[in-house]
Amino acid sequence: MVKDDCIFCKIVSGEIESNKVYEDEHIVAFEDLNPMMPVHTLIIPKDHYDNIADNIPDETMAHIMQTVGKIADIKGIRESGFRVIVNTNDDACQSVHHIHVHVLGGGKMNDGDPSL
Ligand code: DGP
């Protein structure tokens, strides 16, 4: 499933370049274009779903979340800690409407600040 005008579908196809951190048959993880922390990696499914509430198959969502730990290991932030964010629709300022999981770390974040 691909959406023609979707930036992240174009990253999956290679039409738009990205710095890939991890890739397998079902998902891709790549560096965020505008990092908010020293580590800021996005994990996406290769199939297009608009957001986390878009009837994503359980196994796909589980696979994405299982990959968080792998990204933390690759980026060396498992022990120091990290934050996982999934912005959804307008109130949460989702700007790219292809589900993506932000993995943020590499520095101390504020306690309880939902923006970081
Ligand atoms: P959100 O606000 O949750 O929808 O986050 C979208 C993120 O996607 C934002 O942090 C910037 C990132 N982003 C947008 N366009 C591109 C792109 O073309 N390449 C990469 N690597 N990241 C992008």
# chains A, B, ... in the order shown; residues from 1 in each chain; ligands from 1

call {"tool": "closest_atom_pairs", "arguments": {"of": "chain A", "to": "ligand 1", "cutoff": "10 Å", "atoms": "only C-alpha atoms and all ligand atoms", "output": "JSON lines"}}
result
{"residue": "A:Cys6", "atom": "CA", "partner": "ligand 1", "partner_atom_place_in_ligand_line": "18 (O)", "distance": 9.8}
{"residue": "A:Ile7", "atom": "CA", "partner": "ligand 1", "partner_atom_place_in_ligand_line": "18 (O)", "distance": 6.0}
{"residue": "A:Phe8", "atom": "CA", "partner": "ligand 1", "partner_atom_place_in_ligand_line": "18 (O)", "distance": 7.1}
{"residue": "A:Lys10", "atom": "CA", "partner": "ligand 1", "partner_atom_place_in_ligand_line": "18 (O)", "distance": 8.6}
{"residue": "A:Ile11", "atom": "CA", "partner": "ligand 1", "partner_atom_place_in_ligand_line": "19 (N)", "distance": 7.3}
{"residue": "A:Ile16", "atom": "CA", "partner": "ligand 1", "partner_atom_place_in_ligand_line": "18 (O)", "distance": 6.8}
{"residue": "A:Glu17", "atom": "CA", "partner": "ligand 1", "partner_atom_place_in_ligand_line": "19 (N)", "distance": 7.4}
{"residue": "A:Ser18", "atom": "CA", "partner": "ligand 1", "partner_atom_place_in_ligand_line": "21 (N)", "distance": 5.2}
{"residue": "A:Asn19", "atom": "CA", "partner": "ligand 1", "partner_atom_place_in_ligand_line": "21 (N)", "distance": 6.8}
{"residue": "A:Lys20", "atom": "CA", "partner": "ligand 1", "partner_atom_place_in_ligand_line": "21 (N)", "distance": 8.6}
{"residue": "A:Ala29", "atom": "CA", "partner": "ligand 1", "partner_atom_place_in_ligand_line": "21 (N)", "distance": 9.3}
{"residue": "A:Phe30", "atom": "CA", "partner": "ligand 1", "partner_atom_place_in_ligand_line": "21 (N)", "distance": 6.2}
{"residue": "A:Glu31", "atom": "CA", "partner": "ligand 1", "partner_atom_place_in_ligand_line": "21 (N)", "distance": 5.3}
{"residue": "A:Asp32", "atom": "CA", "partner": "ligand 1", "partner_atom_place_in_ligand_line": "22 (N)", "distance": 4.2}
{"residue": "A:Leu33", "atom": "CA", "partner": "ligand 1", "partner_atom_place_in_ligand_line": "22 (N)", "distance": 3.9}
{"residue": "A:Asn34", "atom": "CA", "partner": "ligand 1", "partner_atom_place_in_ligand_line": "11 (C)", "distance": 5.3}
{"residue": "A:Pro35", "atom": "CA", "partner": "ligand 1", "partner_atom_place_in_ligand_line": "10 (O)", "distance": 6.6}
{"residue": "A:Met36", "atom": "CA", "partner": "ligand 1", "partner_atom_place_in_ligand_line": "10 (O)", "distance": 7.6}
{"residue": "A:His40", "atom": "CA", "partner": "ligand 1", "partner_atom_place_in_ligand_line": "10 (O)", "distance": 8.3}
{"residue": "A:Thr41", "atom": "CA", "partner": "ligand 1", "partner_atom_place_in_ligand_line": "21 (N)", "distance": 8.4}
{"residue": "A:Leu42", "atom": "CA", "partner": "ligand 1", "partner_atom_place_in_ligand_line": "8 (O)", "distance": 7.5}
{"residue": "A:Asn51", "atom": "CA", "partner": "ligand 1", "partner_atom_place_in_ligand_line": "4 (O)", "distance": 9.4}
{"residue": "A:Ile85", "atom": "CA", "partner": "ligand 1", "partner_atom_place_in_ligand_line": "3 (O)", "distance": 7.7}
{"residue": "A:Val86", "atom": "CA", "partner": "ligand 1", "partner_atom_place_in_ligand_line": "3 (O)", "distance": 6.3}
{"residue": "A:Asn87", "atom": "CA", "partner": "ligand 1", "partner_atom_place_in_ligand_line": "3 (O)", "distance": 4.5}
{"residue": "A:Thr88", "atom": "CA", "partner": "ligand 1", "partner_atom_place_in_ligand_line": "3 (O)", "distance": 7.2}
{"residue": "A:Asn89", "atom": "CA", "partner": "ligand 1", "partner_atom_place_in_ligand_line": "4 (O)", "distance": 8.3}
{"residue": "A:Asp90", "atom": "CA", "partner": "ligand 1", "partner_atom_place_in_ligand_line": "4 (O)", "distance": 9.4}
{"residue": "A:Ala92", "atom": "CA", "partner": "ligand 1", "partner_atom_place_in_ligand_line": "3 (O)", "distance": 7.7}
{"residue": "A:Cys93", "atom": "CA", "partner": "ligand 1", "partner_atom_place_in_ligand_line": "2 (O)", "distance": 5.4}
{"residue": "A:Gln94", "atom": "CA", "partner": "ligand 1", "partner_atom_place_in_ligand_line": "4 (O)", "distance": 3.6}
{"residue": "A:Ser95", "atom": "CA", "partner": "ligand 1", "partner_atom_place_in_ligand_line": "4 (O)", "distance": 3.5}
{"residue": "A:Val96", "atom": "CA", "partner": "ligand 1", "partner_atom_place_in_ligand_line": "4 (O)", "distance": 4.1}
{"residue": "A:His97", "atom": "CA", "partner": "ligand 1", "partner_atom_place_in_ligand_line": "4 (O)", "distance": 6.5}
{"residue": "A:His98", "atom": "CA", "partner": "ligand 1", "partner_atom_place_in_ligand_line": "4 (O)", "distance": 8.0}
{"residue": "A:Ile99", "atom": "CA", "partner": "ligand 1", "partner_atom_place_in_ligand_line": "4 (O)", "distance": 8.1}
{"residue": "A:His100", "atom": "CA", "partner": "ligand 1", "partner_atom_place_in_ligand_line": "3 (O)", "distance": 6.9}
{"residue": "A:Val101", "atom": "CA", "partner": "ligand 1", "partner_atom_place_in_ligand_line": "3 (O)", "distance": 7.7}
{"residue": "A:His102", "atom": "CA", "partner": "ligand 1", "partner_atom_place_in_ligand_line": "3 (O)", "distance": 7.2}

call {"tool": "write_last_selection", "arguments": {"atoms": "C-alpha atoms", "output": "PDB file, in the first residue's frame"}}
result
ATOM      1  CA  CYS A   6       3.288  10.833   0.680  1.00  0.00           C
ATOM      2  CA  ILE A   7       6.852  11.910   1.535  1.00  0.00           C
ATOM      3  CA  PHE A   8       7.497   8.848   3.680  1.00  0.00           C
ATOM      4  CA  LYS A  10       8.824   8.163  -1.256  1.00  0.00           C
ATOM      5  CA  ILE A  11      11.498   7.540   1.388  1.00  0.00           C
ATOM      6  CA  ILE A  16      13.534  10.737  -1.565  1.00  0.00           C
ATOM      7  CA  GLU A  17      16.908  10.154   0.091  1.00  0.00           C
ATOM      8  CA  SER A  18      17.229   9.511   3.799  1.00  0.00           C
ATOM      9  CA  ASN A  19      19.892   8.449   6.257  1.00  0.00           C
ATOM     10  CA  LYS A  20      18.711   4.953   7.079  1.00  0.00           C
ATOM     11  CA  ALA A  29      14.084   3.656  10.384  1.00  0.00           C
ATOM     12  CA  PHE A  30      15.841   6.833   9.329  1.00  0.00           C
ATOM     13  CA  GLU A  31      17.196  10.061  10.798  1.00  0.00           C
ATOM     14  CA  ASP A  32      14.708  12.923  11.213  1.00  0.00           C
ATOM     15  CA  LEU A  33      15.415  15.831   8.866  1.00  0.00           C
ATOM     16  CA  ASN A  34      15.022  18.366  11.702  1.00  0.00           C
ATOM     17  CA  PRO A  35      16.389  16.627  14.797  1.00  0.00           C
ATOM     18  CA  MET A  36      15.070  17.893  18.135  1.00  0.00           C
ATOM     19  CA  HIS A  40      16.141  11.602  16.595  1.00  0.00           C
ATOM     20  CA  THR A  41      15.178   8.588  14.521  1.00  0.00           C
ATOM     21  CA  LEU A  42      11.832   7.831  12.905  1.00  0.00           C
ATOM     22  CA  ASN A  51      -1.630   7.489  11.716  1.00  0.00           C
ATOM     23  CA  ILE A  85       6.472   9.851  20.583  1.00  0.00           C
ATOM     24  CA  VAL A  86       3.710   9.261  18.034  1.00  0.00           C
ATOM     25  CA  ASN A  87       2.041  12.515  17.034  1.00  0.00           C
ATOM     26  CA  THR A  88      -1.480  11.999  15.742  1.00  0.00           C
ATOM     27  CA  ASN A  89      -3.503  14.553  13.763  1.00  0.00           C
ATOM     28  CA  ASP A  90      -3.765  18.302  14.227  1.00  0.00           C
ATOM     29  CA  ALA A  92      -0.585  16.824  18.268  1.00  0.00           C
ATOM     30  CA  CYS A  93       0.937  18.646  15.252  1.00  0.00           C
ATOM     31  CA  GLN A  94       1.337  15.580  13.059  1.00  0.00           C
ATOM     32  CA  SER A  95       2.873  17.039   9.908  1.00  0.00           C
ATOM     33  CA  VAL A  96       3.521  13.893   7.880  1.00  0.00           C
ATOM     34  CA  HIS A  97       0.462  11.691   7.609  1.00  0.00           C
ATOM     35  CA  HIS A  98       2.224   8.349   7.363  1.00  0.00           C
ATOM     36  CA  ILE A  99       2.468   6.790  10.844  1.00  0.00           C
ATOM     37  CA  HIS A 100       5.922   7.317  12.330  1.00  0.00           C
ATOM     38  CA  VAL A 101       7.379   6.665  15.743  1.00  0.00           C
ATOM     39  CA  HIS A 102       9.892   9.256  16.962  1.00  0.00           C
TER      40      HIS A 102
END

call {"tool": "residues_around", "arguments": {"residues": "Arg83 (chain A)", "least_positions_apart": "3", "cutoff": "12 Å", "atoms": "only C-alpha atoms", "output": "ChimeraX atom specification"}}
result
/A:36-37,39-42,68-69,71-72,77-78,80,86,101-116

call {"tool": "closest_atom_pairs", "arguments": {"of": "region 15-46 of chain A", "to": "region 59-66 of chain A", "cutoff": "10 Å", "atoms": "only C-alpha atoms", "output": "JSON lines"}}
result
{"residue": "A:His26", "atom": "CA", "partner": "A:Thr60", "partner_atom": "CA", "distance": 7.6}
{"residue": "A:Ile27", "atom": "CA", "partner": "A:Ile64", "partner_atom": "CA", "distance": 7.1}
{"residue": "A:Val28", "atom": "CA", "partner": "A:Ile64", "partner_atom": "CA", "distance": 9.1}
{"residue": "A:Ala29", "atom": "CA", "partner": "A:Ile64", "partner_atom": "CA", "distance": 9.4}
{"residue": "A:Ile43", "atom": "CA", "partner": "A:Ile64", "partner_atom": "CA", "distance": 6.7}
{"residue": "A:Ile44", "atom": "CA", "partner": "A:Ile64", "partner_atom": "CA", "distance": 7.1}
{"residue": "A:Pro45", "atom": "CA", "partner": "A:Ile64", "partner_atom": "CA", "distance": 7.1}
{"residue": "A:Lys46", "atom": "CA", "partner": "A:Thr60", "partner_atom": "CA", "distance": 9.7}

call {"tool": "select_by_dssp", "arguments": {"residues": "region 31-112 of chain A", "states": "strand (DSSP E or B)", "output": "list in words"}}
result
Glu31, Val39, His40, Thr41, Leu42, Ile43, Ile44, Pro45, Phe82, Arg83, Val84, Ile85, Val101, His102, Val103, Leu104 and Gly105 of chain A

call {"tool": "closest_residue", "arguments": {"among": "A:Asp91, A:Asp47, A:Glu79, A:Asp73", "to": "Val21 (chain A)", "atoms": "only C-alpha atoms"}}
result
A:Asp73

call {"tool": "decode", "arguments": {"residues": "region 22-59 of chain A", "atoms": "N, CA and C atoms", "output": "PDB file, in the first residue's frame"}}
result
ATOM      1  N   TYR A  22      18.074   1.598   9.994  1.00  0.00           N
ATOM      2  CA  TYR A  22      17.698   0.180  10.015  1.00  0.00           C
ATOM      3  C   TYR A  22      16.623  -0.036   8.956  1.00  0.00           C
ATOM      4  N   GLU A  23      16.655  -1.207   8.353  1.00  0.00           N
ATOM      5  CA  GLU A  23      15.607  -1.555   7.383  1.00  0.00           C
ATOM      6  C   GLU A  23      15.422  -3.062   7.360  1.00  0.00           C
ATOM      7  N   ASP A  24      14.174  -3.507   7.272  1.00  0.00           N
ATOM      8  CA  ASP A  24      13.904  -4.918   6.979  1.00  0.00           C
ATOM      9  C   ASP A  24      12.733  -4.980   6.017  1.00  0.00           C
ATOM     10  N   GLU A  25      12.143  -6.146   5.886  1.00  0.00           N
ATOM     11  CA  GLU A  25      11.087  -6.344   4.887  1.00  0.00           C
ATOM     12  C   GLU A  25       9.885  -5.422   5.106  1.00  0.00           C
ATOM     13  N   HIS A  26       9.610  -5.120   6.366  1.00  0.00           N
ATOM     14  CA  HIS A  26       8.355  -4.431   6.685  1.00  0.00           C
ATOM     15  C   HIS A  26       8.505  -2.977   7.131  1.00  0.00           C
ATOM     16  N   ILE A  27       9.664  -2.592   7.630  1.00  0.00           N
ATOM     17  CA  ILE A  27       9.815  -1.251   8.192  1.00  0.00           C
ATOM     18  C   ILE A  27      11.137  -0.601   7.788  1.00  0.00           C
ATOM     19  N   VAL A  28      11.182   0.712   7.951  1.00  0.00           N
ATOM     20  CA  VAL A  28      12.411   1.479   7.751  1.00  0.00           C
ATOM     21  C   VAL A  28      12.552   2.442   8.923  1.00  0.00           C
ATOM     22  N   ALA A  29      13.790   2.618   9.386  1.00  0.00           N
ATOM     23  CA  ALA A  29      14.084   3.656  10.384  1.00  0.00           C
ATOM     24  C   ALA A  29      15.137   4.572   9.787  1.00  0.00           C
ATOM     25  N   PHE A  30      14.918   5.863   9.928  1.00  0.00           N
ATOM     26  CA  PHE A  30      15.841   6.833   9.329  1.00  0.00           C
ATOM     27  C   PHE A  30      15.915   8.080  10.203  1.00  0.00           C
ATOM     28  N   GLU A  31      16.971   8.860   9.992  1.00  0.00           N
ATOM     29  CA  GLU A  31      17.196  10.061  10.798  1.00  0.00           C
ATOM     30  C   GLU A  31      16.175  11.147  10.427  1.00  0.00           C
ATOM     31  N   ASP A  32      15.626  11.810  11.446  1.00  0.00           N
ATOM     32  CA  ASP A  32      14.708  12.923  11.213  1.00  0.00           C
ATOM     33  C   ASP A  32      15.465  14.078  10.557  1.00  0.00           C
ATOM     34  N   LEU A  33      14.813  14.706   9.600  1.00  0.00           N
ATOM     35  CA  LEU A  33      15.415  15.831   8.866  1.00  0.00           C
ATOM     36  C   LEU A  33      15.714  17.022   9.782  1.00  0.00           C
ATOM     37  N   ASN A  34      14.864  17.241  10.770  1.00  0.00           N
ATOM     38  CA  ASN A  34      15.022  18.366  11.702  1.00  0.00           C
ATOM     39  C   ASN A  34      15.125  17.841  13.130  1.00  0.00           C
ATOM     40  N   PRO A  35      16.297  17.301  13.486  1.00  0.00           N
ATOM     41  CA  PRO A  35      16.389  16.627  14.797  1.00  0.00           C
ATOM     42  C   PRO A  35      16.155  17.573  15.968  1.00  0.00           C
ATOM     43  N   MET A  36      15.352  17.115  16.928  1.00  0.00           N
ATOM     44  CA  MET A  36      15.070  17.893  18.135  1.00  0.00           C
ATOM     45  C   MET A  36      15.962  17.474  19.284  1.00  0.00           C
ATOM     46  N   MET A  37      16.699  16.388  19.096  1.00  0.00           N
ATOM     47  CA  MET A  37      17.641  15.878  20.088  1.00  0.00           C
ATOM     48  C   MET A  37      18.837  15.308  19.335  1.00  0.00           C
ATOM     49  N   PRO A  38      19.971  15.079  20.048  1.00  0.00           N
ATOM     50  CA  PRO A  38      21.131  14.488  19.357  1.00  0.00           C
ATOM     51  C   PRO A  38      20.783  13.180  18.648  1.00  0.00           C
ATOM     52  N   VAL A  39      19.897  12.379  19.249  1.00  0.00           N
ATOM     53  CA  VAL A  39      19.353  11.204  18.555  1.00  0.00           C
ATOM     54  C   VAL A  39      17.890  11.480  18.252  1.00  0.00           C
ATOM     55  N   HIS A  40      17.539  11.413  16.992  1.00  0.00           N
ATOM     56  CA  HIS A  40      16.141  11.602  16.595  1.00  0.00           C
ATOM     57  C   HIS A  40      15.908  10.750  15.341  1.00  0.00           C
ATOM     58  N   THR A  41      15.393   9.560  15.596  1.00  0.00           N
ATOM     59  CA  THR A  41      15.178   8.588  14.521  1.00  0.00           C
ATOM     60  C   THR A  41      13.690   8.319  14.395  1.00  0.00           C
ATOM     61  N   LEU A  42      13.241   8.149  13.167  1.00  0.00           N
ATOM     62  CA  LEU A  42      11.832   7.831  12.905  1.00  0.00           C
ATOM     63  C   LEU A  42      11.728   6.387  12.433  1.00  0.00           C
ATOM     64  N   ILE A  43      10.743   5.665  12.946  1.00  0.00           N
ATOM     65  CA  ILE A  43      10.468   4.299  12.486  1.00  0.00           C
ATOM     66  C   ILE A  43       9.121   4.315  11.780  1.00  0.00           C
ATOM     67  N   ILE A  44       9.091   3.779  10.565  1.00  0.00           N
ATOM     68  CA  ILE A  44       7.828   3.746   9.816  1.00  0.00           C
ATOM     69  C   ILE A  44       7.610   2.354   9.211  1.00  0.00           C
ATOM     70  N   PRO A  45       6.329   1.998   9.016  1.00  0.00           N
ATOM     71  CA  PRO A  45       6.063   0.789   8.232  1.00  0.00           C
ATOM     72  C   PRO A  45       6.223   1.117   6.752  1.00  0.00           C
ATOM     73  N   LYS A  46       6.593   0.129   5.958  1.00  0.00           N
ATOM     74  CA  LYS A  46       6.709   0.378   4.517  1.00  0.00           C
ATOM     75  C   LYS A  46       5.333   0.593   3.888  1.00  0.00           C
ATOM     76  N   ASP A  47       4.318  -0.078   4.412  1.00  0.00           N
ATOM     77  CA  ASP A  47       2.954   0.172   3.944  1.00  0.00           C
ATOM     78  C   ASP A  47       2.452   1.493   4.501  1.00  0.00           C
ATOM     79  N   HIS A  48       1.603   2.148   3.742  1.00  0.00           N
ATOM     80  CA  HIS A  48       1.091   3.450   4.187  1.00  0.00           C
ATOM     81  C   HIS A  48      -0.122   3.308   5.109  1.00  0.00           C
ATOM     82  N   TYR A  49      -0.019   3.928   6.280  1.00  0.00           N
ATOM     83  CA  TYR A  49      -1.164   4.143   7.177  1.00  0.00           C
ATOM     84  C   TYR A  49      -1.061   5.586   7.619  1.00  0.00           C
ATOM     85  N   ASP A  50      -2.177   6.290   7.666  1.00  0.00           N
ATOM     86  CA  ASP A  50      -2.137   7.731   7.958  1.00  0.00           C
ATOM     87  C   ASP A  50      -1.604   8.027   9.358  1.00  0.00           C
ATOM     88  N   ASN A  51      -2.030   7.226  10.324  1.00  0.00           N
ATOM     89  CA  ASN A  51      -1.630   7.489  11.716  1.00  0.00           C
ATOM     90  C   ASN A  51      -1.863   6.245  12.554  1.00  0.00           C
ATOM     91  N   ILE A  52      -1.592   6.360  13.842  1.00  0.00           N
ATOM     92  CA  ILE A  52      -1.653   5.181  14.713  1.00  0.00           C
ATOM     93  C   ILE A  52      -3.072   4.636  14.870  1.00  0.00           C
ATOM     94  N   ALA A  53      -4.069   5.465  14.539  1.00  0.00           N
ATOM     95  CA  ALA A  53      -5.465   5.031  14.664  1.00  0.00           C
ATOM     96  C   ALA A  53      -6.043   4.569  13.327  1.00  0.00           C
ATOM     97  N   ASP A  54      -5.167   4.243  12.380  1.00  0.00           N
ATOM     98  CA  ASP A  54      -5.597   3.900  11.021  1.00  0.00           C
ATOM     99  C   ASP A  54      -5.624   2.385  10.788  1.00  0.00           C
ATOM    100  N   ASN A  55      -6.128   1.651  11.773  1.00  0.00           N
ATOM    101  CA  ASN A  55      -6.291   0.190  11.616  1.00  0.00           C
ATOM    102  C   ASN A  55      -5.030  -0.508  11.122  1.00  0.00           C
ATOM    103  N   ILE A  56      -3.936  -0.200  11.780  1.00  0.00           N
ATOM    104  CA  ILE A  56      -2.671  -0.862  11.459  1.00  0.00           C
ATOM    105  C   ILE A  56      -2.742  -2.299  11.976  1.00  0.00           C
ATOM    106  N   PRO A  57      -2.343  -3.273  11.158  1.00  0.00           N
ATOM    107  CA  PRO A  57      -2.374  -4.663  11.655  1.00  0.00           C
ATOM    108  C   PRO A  57      -1.530  -4.813  12.919  1.00  0.00           C
ATOM    109  N   ASP A  58      -2.021  -5.638  13.852  1.00  0.00           N
ATOM    110  CA  ASP A  58      -1.337  -5.822  15.135  1.00  0.00           C
ATOM    111  C   ASP A  58       0.135  -6.189  14.945  1.00  0.00           C
ATOM    112  N   GLU A  59       0.398  -7.089  13.996  1.00  0.00           N
ATOM    113  CA  GLU A  59       1.775  -7.571  13.842  1.00  0.00           C
ATOM    114  C   GLU A  59       2.687  -6.453  13.320  1.00  0.00           C
TER     115      GLU A  59
END
